[in-house]
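S.K.: I'm passing along query-v1.cif; it holds mmCIF, C-alpha atoms.
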data_target
#
loop_
_atom_site.label_atom_id
_atom_site.label_comp_id
_atom_site.auth_asym_id
_atom_site.auth_seq_id
_atom_site.Cartn_x
_atom_site.Cartn_y
_atom_site.Cartn_z
CA MET A 1409 -1.09 15.53 -4.85
CA ARG A 1410 0.70 18.42 -6.44
CA ASP A 1411 -0.81 19.51 -9.71
CA GLY A 1412 2.28 21.21 -11.04
CA ILE A 1413 1.75 24.84 -10.09
CA ARG A 1414 3.72 26.78 -7.52
CA ILE A 1415 4.39 30.37 -6.56
CA LEU A 1416 8.03 31.38 -6.60
CA VAL A 1417 8.84 33.59 -3.66
CA ARG A 1418 11.50 36.17 -4.35
CA PRO A 1419 12.13 39.86 -3.60
CA ILE A 1420 10.07 42.15 -5.76
CA TRP A 1421 10.52 45.83 -6.40
CA VAL A 1422 7.84 47.67 -8.25
CA GLY A 1423 9.04 50.99 -9.55
CA ASP A 1424 5.86 52.74 -10.44
CA PRO A 1425 6.95 56.37 -11.09
CA ASN A 1426 3.59 57.63 -9.87
CA ALA A 1427 3.68 55.67 -6.69
CA VAL A 1428 7.29 55.66 -5.66
CA LYS A 1429 6.91 58.77 -3.59
CA LEU A 1430 3.88 57.31 -1.87
CA ILE A 1431 4.64 53.64 -1.49
CA ARG A 1432 7.44 51.18 -1.61
CA LEU A 1433 6.24 47.67 -2.13
CA SER A 1434 8.61 45.31 -0.53
CA ALA A 1435 7.83 41.71 -1.08
CA ALA A 1436 10.97 40.10 0.18
CA ILE A 1437 10.96 36.42 0.83
CA GLY A 1438 10.22 36.86 4.47
CA THR A 1439 7.22 39.08 3.87
CA ALA A 1440 5.28 37.29 1.17
CA LEU A 1441 3.09 34.78 2.92
CA LEU A 1442 1.47 31.95 1.09
CA VAL A 1443 -1.12 30.01 2.96
CA GLY A 1444 -1.69 26.55 1.69
CA CYS A 1445 0.82 24.09 0.50
CA PHE A 1446 1.42 25.66 -2.85
CA ILE A 1447 5.20 25.90 -3.02
CA SER A 1448 7.26 23.29 -4.78
CA GLY A 1449 8.35 20.62 -2.40
CA CYS A 1450 5.31 20.69 -0.18
CA SER A 1451 3.65 17.82 -2.03
CA ARG A 1452 4.98 14.62 -3.41
CA GLU A 1453 5.68 14.25 -7.10
CA PRO A 1454 2.37 13.71 -8.96
CA GLN A 1455 1.97 10.21 -10.29
CA ILE A 1456 -0.53 9.03 -12.85
CA PRO A 1457 -0.44 5.26 -12.76
CA PRO A 1458 -0.66 3.44 -16.07
CA SER A 1459 -4.13 2.36 -17.03
CA ALA A 1460 -4.90 -1.29 -16.50
CA ARG A 1461 -4.72 -3.03 -19.85
CA ALA A 1462 -6.81 -5.93 -18.70
CA VAL A 1463 -9.07 -6.74 -15.81
CA GLN A 1464 -7.48 -8.04 -12.66
CA PRO A 1465 -7.60 -11.80 -12.10
CA ASP A 1466 -10.60 -12.77 -10.03
CA GLY A 1467 -8.59 -13.68 -6.97
CA GLN A 1468 -6.86 -10.28 -6.85
CA ARG A 1469 -9.95 -8.12 -6.86
CA LYS A 1470 -10.97 -6.16 -3.82
CA ALA A 1471 -14.49 -5.18 -2.86
CA ALA A 1472 -15.58 -1.82 -4.26
CA PRO A 1473 -16.35 0.63 -1.44
CA ALA A 1474 -20.02 1.11 -0.72
CA PHE A 1475 -21.63 4.45 -1.45
CA ASP A 1476 -25.02 6.07 -1.13
CA LEU A 1477 -25.31 9.04 -3.47
CA LYS A 1478 -28.20 11.02 -4.92
CA ASP A 1479 -29.20 10.99 -8.56
CA ALA A 1480 -30.67 13.89 -10.52
CA ASP A 1481 -34.15 13.16 -9.11
CA GLY A 1482 -32.89 13.18 -5.54
CA LYS A 1483 -33.17 9.42 -5.17
CA SER A 1484 -30.57 7.52 -3.17
CA VAL A 1485 -28.43 5.18 -5.22
CA ARG A 1486 -26.25 2.56 -3.60
CA LEU A 1487 -23.62 0.41 -5.23
CA ALA A 1488 -25.27 -2.58 -3.56
CA ASP A 1489 -28.36 -1.95 -5.75
CA TYR A 1490 -26.27 -3.13 -8.68
CA ARG A 1491 -25.00 -6.41 -7.25
CA GLY A 1492 -25.19 -9.04 -9.97
CA LYS A 1493 -24.46 -6.46 -12.68
CA VAL A 1494 -21.21 -5.32 -14.22
CA VAL A 1495 -20.76 -1.65 -13.34
CA LEU A 1496 -18.59 0.99 -14.95
CA LEU A 1497 -18.22 3.64 -12.24
CA ASP A 1498 -16.90 6.89 -13.68
CA PHE A 1499 -15.82 9.85 -11.54
CA TRP A 1500 -15.81 13.01 -13.65
CA ALA A 1501 -16.49 16.77 -13.65
CA THR A 1502 -17.87 19.30 -16.12
CA TRP A 1503 -14.56 21.21 -16.10
CA CYS A 1504 -12.60 18.10 -17.05
CA GLY A 1505 -11.68 17.96 -20.75
CA PRO A 1506 -10.53 14.32 -20.80
CA CYS A 1507 -13.81 13.34 -19.13
CA ARG A 1508 -15.70 14.80 -22.07
CA ILE A 1509 -13.85 12.50 -24.42
CA GLU A 1510 -14.71 9.33 -22.49
CA ILE A 1511 -18.36 10.02 -21.67
CA PRO A 1512 -19.64 9.34 -25.24
CA TRP A 1513 -17.81 5.98 -25.08
CA PHE A 1514 -19.70 5.13 -21.89
CA THR A 1515 -22.99 6.23 -23.43
CA GLU A 1516 -22.38 3.76 -26.23
CA LEU A 1517 -21.42 0.97 -23.80
CA GLU A 1518 -24.62 1.59 -21.84
CA ARG A 1519 -26.69 1.40 -25.01
CA ARG A 1520 -24.97 -1.74 -26.24
CA HIS A 1521 -24.84 -3.78 -23.05
CA LYS A 1522 -27.65 -2.55 -20.84
CA GLN A 1523 -29.78 -5.62 -21.48
CA GLU A 1524 -26.92 -7.94 -20.57
CA GLY A 1525 -26.68 -6.86 -16.95
CA PHE A 1526 -24.41 -3.85 -17.37
CA ALA A 1527 -24.74 -0.33 -16.04
CA VAL A 1528 -22.72 2.84 -16.19
CA LEU A 1529 -22.83 5.13 -13.17
CA GLY A 1530 -21.35 8.58 -13.60
CA VAL A 1531 -20.38 10.39 -10.40
CA ALA A 1532 -20.02 14.12 -10.96
CA MET A 1533 -17.54 15.85 -8.67
CA ASP A 1534 -18.58 19.44 -9.42
CA ASP A 1535 -18.70 21.63 -6.33
CA GLU A 1536 -21.42 23.71 -8.00
CA GLY A 1537 -23.71 20.69 -8.06
CA TRP A 1538 -26.71 20.01 -10.28
CA LYS A 1539 -26.81 23.60 -11.48
CA VAL A 1540 -23.89 22.83 -13.80
CA ILE A 1541 -24.25 19.06 -14.04
CA LYS A 1542 -27.77 18.87 -15.47
CA PRO A 1543 -27.09 21.10 -18.51
CA PHE A 1544 -23.96 19.09 -19.18
CA VAL A 1545 -25.92 15.80 -19.05
CA SER A 1546 -28.35 17.21 -21.61
CA GLU A 1547 -25.60 18.59 -23.81
CA LEU A 1548 -23.75 15.28 -24.03
CA LYS A 1549 -26.98 13.23 -24.18
CA ILE A 1550 -25.86 11.03 -21.31
CA ASN A 1551 -28.15 7.99 -21.16
CA TYR A 1552 -26.97 6.53 -17.87
CA ARG A 1553 -27.52 7.42 -14.25
CA VAL A 1554 -25.53 10.41 -13.00
CA LEU A 1555 -24.95 10.86 -9.30
CA LEU A 1556 -23.63 13.80 -7.29
CA GLY A 1557 -20.35 12.90 -5.63
CA ASN A 1558 -19.22 13.94 -2.20
CA ASP A 1559 -16.08 13.99 -0.05
CA GLN A 1560 -16.86 10.63 1.49
CA ALA A 1561 -17.09 8.87 -1.85
CA SER A 1562 -13.93 10.60 -3.01
CA HIS A 1563 -12.11 9.48 0.10
CA ASP A 1564 -13.38 5.91 -0.10
CA TYR A 1565 -12.33 5.60 -3.73
CA GLY A 1566 -8.76 6.65 -3.12
CA GLY A 1567 -8.96 10.43 -3.02
CA LEU A 1568 -9.70 10.94 -6.71
CA GLU A 1569 -6.84 13.35 -7.23
CA ALA A 1570 -7.13 13.14 -10.99
CA LEU A 1571 -10.18 13.01 -13.18
CA PRO A 1572 -11.44 11.03 -14.91
CA THR A 1573 -11.00 8.01 -12.67
CA THR A 1574 -13.02 5.00 -13.78
CA PHE A 1575 -13.58 1.67 -12.08
CA LEU A 1576 -14.82 -1.55 -13.67
CA ILE A 1577 -16.72 -3.53 -11.05
CA ASP A 1578 -17.65 -7.18 -11.53
CA ARG A 1579 -20.98 -8.84 -10.77
CA ASP A 1580 -19.81 -9.62 -7.25
CA GLY A 1581 -19.10 -5.99 -6.46
CA LYS A 1582 -15.33 -6.26 -6.78
CA ILE A 1583 -13.02 -3.87 -8.58
CA ALA A 1584 -11.68 -5.55 -11.70
CA ALA A 1585 -9.91 -2.57 -13.26
CA VAL A 1586 -9.07 1.08 -12.59
CA HIS A 1587 -8.29 3.71 -15.21
CA VAL A 1588 -6.87 7.04 -14.08
CA GLY A 1589 -6.89 9.78 -16.69
CA LEU A 1590 -7.89 9.51 -20.33
CA ALA A 1591 -7.73 5.82 -21.19
CA ASN A 1592 -7.92 3.77 -24.34
CA ARG A 1593 -11.47 3.10 -25.49
CA LYS A 1594 -10.65 -0.51 -26.25
CA ASP A 1595 -9.55 -1.06 -22.67
CA PHE A 1596 -13.05 -0.25 -21.48
CA GLU A 1597 -14.76 -2.27 -24.20
CA ASN A 1598 -12.63 -5.34 -23.66
CA GLY A 1599 -12.90 -5.09 -19.90
CA VAL A 1600 -16.69 -4.80 -19.93
CA GLU A 1601 -17.08 -7.68 -22.37
CA GLN A 1602 -14.77 -9.86 -20.32
CA LEU A 1603 -16.67 -9.18 -17.12
CA LEU A 1604 -20.05 -9.74 -18.77
CA GLN A 1605 -18.96 -13.21 -19.80
CA ALA A 1606 -18.31 -14.21 -16.21
CA PRO A 1607 -21.31 -15.12 -14.03
CA ALA A 1608 -21.67 -13.87 -10.51
CA LYS A 1609 -20.08 -16.16 -7.95
CA ALA A 1610 -21.88 -14.85 -4.91
CA ASN A 1611 -25.38 -16.05 -3.96
CA SER A 1612 -27.63 -14.45 -6.50
CA GLY A 1613 -30.62 -14.75 -4.23
CA ARG A 1614 -31.76 -18.06 -5.66
CA ILE A 1615 -32.57 -20.74 -3.18
CA SER A 1616 -30.52 -23.89 -3.75
CA LEU A 1617 -32.63 -26.94 -3.05
CA PRO A 1618 -30.95 -29.95 -1.52
CA SER A 1619 -30.56 -32.70 -4.13
CA PHE A 1620 -32.98 -35.11 -2.37
CA PHE A 1621 -35.89 -32.76 -3.09
CA ILE A 1622 -35.33 -32.90 -6.82
CA ARG A 1623 -37.40 -35.64 -8.38
CA THR A 1624 -37.65 -36.55 -11.97
CA LYS A 1625 -40.19 -38.71 -13.59
CA MET B 887 3.15 44.06 -7.73
CA LYS B 888 4.44 40.96 -9.43
CA ILE B 889 3.25 37.59 -8.28
CA PRO B 890 5.49 34.98 -9.87
CA LEU B 891 4.00 31.61 -10.67
CA SER B 892 5.53 28.47 -12.00
CA VAL B 893 3.87 25.50 -13.65
CA GLU B 894 5.91 22.34 -13.87
CA LYS B 895 6.73 20.78 -17.17
CA GLY B 896 3.98 18.53 -18.39
CA PHE B 897 1.22 20.50 -16.67
CA HIS B 898 -0.77 23.55 -17.64
CA VAL B 899 -3.36 25.80 -16.06
CA ASN B 900 -6.22 27.44 -17.88
CA SER B 901 -5.47 31.06 -18.69
CA ASN B 902 -7.54 33.93 -17.35
CA MET B 903 -9.58 33.71 -20.56
CA PRO B 904 -10.03 30.05 -21.51
CA ARG B 905 -11.60 29.32 -24.86
CA GLU B 906 -14.36 27.08 -23.52
CA GLU B 907 -17.04 28.21 -21.08
CA TYR B 908 -16.76 25.09 -18.99
CA LEU B 909 -13.09 25.68 -18.19
CA ILE B 910 -12.14 27.33 -14.91
CA PRO B 911 -9.94 30.42 -15.45
CA LEU B 912 -6.92 31.54 -13.50
CA LYS B 913 -8.13 34.40 -11.36
CA LEU B 914 -6.61 36.61 -8.70
CA THR B 915 -8.91 38.58 -6.46
CA TRP B 916 -8.17 40.72 -3.44
CA THR B 917 -10.24 40.41 -0.29
CA ALA B 918 -8.54 42.99 1.91
CA THR B 919 -5.90 45.49 0.90
CA GLY B 920 -5.54 47.87 3.82
CA ALA B 921 -4.30 51.29 2.72
CA LEU B 922 -4.12 50.17 -0.89
CA GLN B 923 -6.96 50.33 -3.36
CA PRO B 924 -6.93 47.31 -5.70
CA GLY B 925 -6.76 48.07 -9.37
CA ALA B 926 -6.58 45.88 -12.44
CA VAL B 927 -4.87 42.52 -12.49
CA THR B 928 -2.71 42.02 -15.55
CA TYR B 929 -2.17 38.51 -16.81
CA PRO B 930 0.52 37.52 -19.31
CA MET B 931 -0.16 36.55 -22.88
CA ALA B 932 -1.50 32.99 -22.96
CA THR B 933 -0.20 30.10 -24.98
CA VAL B 934 -2.60 28.35 -27.33
CA GLU B 935 -2.04 24.61 -27.46
CA LYS B 936 -3.90 21.59 -28.76
CA PHE B 937 -4.43 18.58 -26.50
CA GLN B 938 -5.72 15.14 -27.39
CA PHE B 939 -8.66 15.53 -25.03
CA ALA B 940 -9.91 18.81 -26.50
CA GLU B 941 -11.49 19.46 -29.86
CA LYS B 942 -10.17 23.02 -29.96
CA PRO B 943 -6.80 24.40 -28.89
CA LEU B 944 -6.80 25.65 -25.31
CA SER B 945 -5.65 28.99 -23.90
CA ILE B 946 -3.23 28.10 -21.14
CA PHE B 947 -0.30 29.19 -19.03
CA THR B 948 2.76 27.03 -18.71
CA GLY B 949 6.23 27.39 -17.26
CA ASN B 950 7.15 30.58 -15.38
CA PHE B 951 4.97 33.65 -15.62
CA ASP B 952 3.98 36.69 -13.58
CA VAL B 953 0.60 38.02 -12.68
CA ILE B 954 0.77 41.74 -11.98
CA ALA B 955 -1.55 43.33 -9.46
CA HIS B 956 -2.00 47.11 -9.67
CA PHE B 957 -2.82 49.24 -6.64
CA LYS B 958 -3.48 52.85 -5.83
CA VAL B 959 -2.61 54.59 -2.61
CA ALA B 960 -4.77 57.31 -1.19
CA ALA B 961 -2.94 60.56 -0.70
CA ASN B 962 -3.82 60.54 2.99
CA ALA B 963 -2.86 56.90 3.55
CA PRO B 964 -0.99 56.55 6.82
CA ALA B 965 2.64 55.64 6.60
CA GLY B 966 3.58 52.26 7.91
CA PRO B 967 3.25 48.57 7.18
CA GLY B 968 0.18 46.93 5.72
CA ALA B 969 -0.99 43.70 4.18
CA ALA B 970 -2.97 42.85 1.07
CA SER B 971 -4.82 39.53 1.19
CA GLY B 972 -6.31 37.78 -1.75
CA LYS B 973 -7.14 34.50 -3.40
CA LEU B 974 -5.70 32.85 -6.46
CA ARG B 975 -7.95 30.30 -8.13
CA TYR B 976 -6.65 27.90 -10.74
CA GLN B 977 -7.32 24.57 -12.32
CA ALA B 978 -4.54 22.40 -13.73
CA CYS B 979 -4.34 19.49 -16.12
CA ASN B 980 -1.76 17.46 -17.95
CA ASP B 981 -2.36 15.82 -21.31
CA ARG B 982 -4.49 13.02 -19.86
CA ALA B 983 -6.10 14.10 -16.61
CA CYS B 984 -7.36 17.14 -14.78
CA PHE B 985 -7.01 18.09 -11.14
CA ALA B 986 -9.60 19.66 -8.90
CA PRO B 987 -9.78 23.46 -8.97
CA LYS B 988 -7.90 25.06 -6.13
CA THR B 989 -8.03 28.39 -4.36
CA VAL B 990 -4.92 29.52 -2.58
CA ASP B 991 -4.68 32.36 -0.08
CA ILE B 992 -2.11 35.01 -0.93
CA THR B 993 -0.93 37.68 1.46
CA VAL B 994 1.64 40.32 0.59
CA LEU B 995 3.08 42.75 3.09
CA TYR B 996 3.91 46.28 2.02
CA GLN B 997 5.25 49.49 3.47
CA VAL B 998 3.70 52.88 2.84
CA GLN B 999 6.29 55.59 3.13
#
Here is the file; what I need is its structure written in the form of structure tokens.
M.R.:
Amino acid sequence: MRDGIRILVRPIWVGDPNAVKLIRLSAAIGTALLVGCFISGCSREPQIPPSARAVQPDGQRKAAPAFDLKDADGKSVRLADYRGKVVLLDFWATWCGPCRIEIPWFTELERRHKQEGFAVLGVAMDDEGWKVIKPFVSELKINYRVLLGNDQASHDYGGLEALPTTFLIDRDGKIAAVHVGLANRKDFENGVEQLLQAPAKANSGRISLPSFFIRTK
Amino acid sequence: MKIPLSVEKGFHVNSNMPREEYLIPLKLTWTATGALQPGAVTYPMATVEKFQFAEKPLSIFTGNFDVIAHFKVAANAPAGPGAASGKLRYQACNDRACFAPKTVDITVLYQVQ
């Protein structure tokens, strides 16, 4: 995805009076080489889809891709560990200003709904890793689990071209909503509350006894 | 040497001196310059603009602007063609989302006469 910056290639003449007798810099179009698709037209027009205003109907939800990422203590965390819970999965980075706006909202959601079977997972996409992530977590007093993202997770969740990108995942591990870019706080609150009201459909691990074993006195 | 850049409407890149430590600055560095000795890199004057996602106004570049790279040539530099290779690092956002930092290779050919 193009992010709006390009280098314009055109002939350049630098007339430095001290250097003219020594050097002529000729940067004609044919001689300025740009490696990497950085020139306008190399990438498609950037698109930021509108944020979902409501959760997707149950029948339209797709399974959230599995992941296995490390938390700040080096422990493996899998999405499957949270089956049966509503999960707000937030991809962010320390250099992302809009992310900094949303994170306090998620901290509040975690505090308010944690006991109801809700969890926020923040996946940091900083190339510099925990060196920059940990101070940020302390600074913003993040009270939920933060994981270190990787290329595989980014790929599986659609490429993550823009941050923040936040997924609301229902108790059955299906994606109920996606928000790309800074979203409306109410969208998250309403979405989480709606998903918390719905029970998990999948086998919760309970054993269902055949009716003929149930006896009442 | 002028390196012209253009940022599309609706987007911005952090300037070479962003106002927050966590922001990634625009930065041009040279890795190999042949007969040229790299000097200072001059960036244009930044725009200061407030965005809904930032508490403070940000120092940014938008639209068309030039970054100017200065070089020196040794008196005994051989005449002939040469190439200066470098990297331009930047990080762009619009008013709602930010895009991963990128580093682009830049190579400029020159002629010492």
S.K.: Write out as JSON lines the residues of chain B that have any atom within 7 Å of an atom of chain A, one row each with the nearest atom pair and its distance in Å to one decimal, counting only C-alpha atoms, sorted by chain and then rising number.
M.R.:
{"residue": "B:Met887", "atom": "CA", "partner": "A:Val1422", "partner_atom": "CA", "distance": 5.9}
{"residue": "B:Lys888", "atom": "CA", "partner": "A:Ile1420", "partner_atom": "CA", "distance": 6.8}
{"residue": "B:Pro890", "atom": "CA", "partner": "A:Leu1416", "partner_atom": "CA", "distance": 5.5}
{"residue": "B:Leu891", "atom": "CA", "partner": "A:Ile1415", "partner_atom": "CA", "distance": 4.3}
{"residue": "B:Ser892", "atom": "CA", "partner": "A:Arg1414", "partner_atom": "CA", "distance": 5.1}
{"residue": "B:Val893", "atom": "CA", "partner": "A:Ile1413", "partner_atom": "CA", "distance": 4.2}
{"residue": "B:Glu894", "atom": "CA", "partner": "A:Gly1412", "partner_atom": "CA", "distance": 4.7}
{"residue": "B:Phe897", "atom": "CA", "partner": "A:Gly1412", "partner_atom": "CA", "distance": 5.8}
{"residue": "B:Tyr908", "atom": "CA", "partner": "A:Trp1503", "partner_atom": "CA", "distance": 5.3}
{"residue": "B:Leu909", "atom": "CA", "partner": "A:Trp1503", "partner_atom": "CA", "distance": 5.1}
{"residue": "B:Ile910", "atom": "CA", "partner": "A:Trp1503", "partner_atom": "CA", "distance": 6.7}
{"residue": "B:Phe939", "atom": "CA", "partner": "A:Pro1506", "partner_atom": "CA", "distance": 4.8}
{"residue": "B:Ala940", "atom": "CA", "partner": "A:Gly1505", "partner_atom": "CA", "distance": 6.1}
{"residue": "B:Ala978", "atom": "CA", "partner": "A:Asp1411", "partner_atom": "CA", "distance": 6.2}
{"residue": "B:Arg982", "atom": "CA", "partner": "A:Leu1590", "partner_atom": "CA", "distance": 4.9}
{"residue": "B:Ala983", "atom": "CA", "partner": "A:Gly1589", "partner_atom": "CA", "distance": 4.4}
{"residue": "B:Cys984", "atom": "CA", "partner": "A:Leu1571", "partner_atom": "CA", "distance": 5.3}
{"residue": "B:Phe985", "atom": "CA", "partner": "A:Ala1570", "partner_atom": "CA", "distance": 5.0}
{"residue": "B:Val990", "atom": "CA", "partner": "A:Gly1444", "partner_atom": "CA", "distance": 6.1}
{"residue": "B:Asp991", "atom": "CA", "partner": "A:Val1443", "partner_atom": "CA", "distance": 5.2}
{"residue": "B:Ile992", "atom": "CA", "partner": "A:Leu1442", "partner_atom": "CA", "distance": 5.1}
{"residue": "B:Thr993", "atom": "CA", "partner": "A:Leu1441", "partner_atom": "CA", "distance": 5.2}
{"residue": "B:Val994", "atom": "CA", "partner": "A:Ala1440", "partner_atom": "CA", "distance": 4.8}
{"residue": "B:Leu995", "atom": "CA", "partner": "A:Thr1439", "partner_atom": "CA", "distance": 5.6}
{"residue": "B:Tyr996", "atom": "CA", "partner": "A:Leu1433", "partner_atom": "CA", "distance": 5.0}
{"residue": "B:Gln997", "atom": "CA", "partner": "A:Arg1432", "partner_atom": "CA", "distance": 5.8}
{"residue": "B:Val998", "atom": "CA", "partner": "A:Ile1431", "partner_atom": "CA", "distance": 4.5}
{"residue": "B:Gln999", "atom": "CA", "partner": "A:Ile1431", "partner_atom": "CA", "distance": 5.3}
S.K.: Between atom CA of B:Pro904 and atom CA of B:Lys936, what distance in Å does the model show, to one decimal?
M.R.: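 We find that atom CA of B:Pro904 and atom CA of B:Lys936 lie 12.7 Å from each other.
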S.K.: Which residues are near stretch 1602-1608 of chain A? Cut-off 8 Å, only C-alpha atoms, ignore same chain within fewer than 4 positions. Put them as a list in words.
M.R.: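 Neighbouring residues, sequence-local ones excluded: Val1463, Gly1492, Val1494, Glu1524, Gly1525, Phe1526, Asp1578, Arg1579, Asp1580, Asn1598 and Ser1612 of chain A.
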S.K.: Residues within 7 Å of B:Ile889, please, as a PyMOL selection string. Count only C-alpha atoms; anything in the same chain fewer than 5 positions from it doesn't count.
M.R.: chain B and resi 952-954
S.K.: Selected residues, C-alpha atoms, written as a PDB file, in the coordinates of the input, please.
M.R.:
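Saved as part-v9.pdb:
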ATOM      1  CA  ASP B 952       3.980  36.690 -13.580  1.00  0.00           C
ATOM      2  CA  VAL B 953       0.600  38.020 -12.680  1.00  0.00           C
ATOM      3  CA  ILE B 954       0.770  41.740 -11.980  1.00  0.00           C
TER       4      ILE B 954
END
S.K.: Check what the PyMOL selection byres ((chain B and resi 933) around 12) selects in the file above and give those residues as a ChimeraX atom specification.
M.R.: /B:898-905,929-932,934-936,943-949,951
S.K.: Using all atoms listed in the file, determine which residues lie at most 6 Å from stretch 972-976 of chain B, disregarding the query and same-chain residues fewer than 4 positions distant; provide the list as number ranges by chain.
M.R.: B: 912-917, 987-992
S.K.: At what distance in Å, to one decimal, does atom CA of A:Arg1491 lie from atom CA of A:Val1586?
M.R.: 18.4 Å
S.K.: For A:Gly1581, which residue among A:Ala1527, A:Leu1517, A:Ala1532, A:Ala1488 is the nearest when counting only C-alpha atoms?
M.R.: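 Nearest to A:Gly1581: A:Ala1488.
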S.K.: So how far away is atom CA of A:Phe1575 from atom CA of A:Arg1519, in Å?
M.R.: 18.4 Å
S.K.: Check which residues satisfy the PyMOL selection byres ((chain A and resi 1561-1566) around 9) in the file shown, then give them as a list in words.
M.R.: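 Against this file, the PyMOL selection byres ((chain A and resi 1561-1566) around 9) returns the residues Ala1472, Pro1473, Ala1474, Phe1475, Asp1476, Leu1477, Phe1499, Met1533, Gly1557, Asn1558, Asp1559, Gln1560, Gly1567, Leu1568 and Glu1569 of chain A.
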S.K.: Please list as a list in words every residue within 12 Å of A:Pro1512, counting only C-alpha atoms and excluding residues in the same chain fewer than 4 positions away.
M.R.: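 Once the adjacent positions are removed, what remains is Pro1506, Cys1507, Arg1508, Glu1516, Leu1517, Glu1518, Arg1519, Val1528, Gly1530, Val1545, Glu1547, Leu1548, Lys1549, Ile1550, Asn1551, Tyr1552 and Arg1593 of chain A.
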S.K.: Counting all atoms listed in the file, figure out which residue out of B:Glu906, B:Ala986, B:Gly896, B:Ala921 gets nearest to B:Lys942.
M.R.: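 Counting all atoms listed in the file, the residue closest to B:Lys942 is B:Glu906.
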S.K.: Measuring between all atoms listed in the file, which one of A:Ile1583, A:Leu1529, A:Glu1601, A:Ala1480 shows the shortest distance to A:Ser1546?
M.R.: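 Ranked by minimum distance to A:Ser1546, first place goes to A:Ala1480.
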S.K.: For a quick check of understanding, using all atoms listed in the file, which of B:Gly966, B:Glu941, B:Phe957, B:Cys979 has the smallest distance to B:Thr919?
M.R.: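 Checking each of B:Gly966, B:Glu941, B:Phe957, B:Cys979 against B:Thr919, counting all atoms listed in the file, the winner is B:Phe957.
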S.K.: Once 8 Å is added on each side, what are the centre and the three edge lengths, in Å to one decimal, of the axis-aligned box enclosing the listed atoms of stretch 1564-1575 of chain A? Present them as AutoDock Vina command-line options.
M.R.:
--center_x -10.2 --center_y 7.5 --center_z -7.5 --size_x 22.7 --size_y 27.7 --size_z 30.8
S.K.: Given the file shown, determine the residues that the PyMOL selection byres ((chain B and resi 956) around 6) selects; report them as JSON, numbers by chain.
M.R.: {"B": [925, 926, 955, 957]}
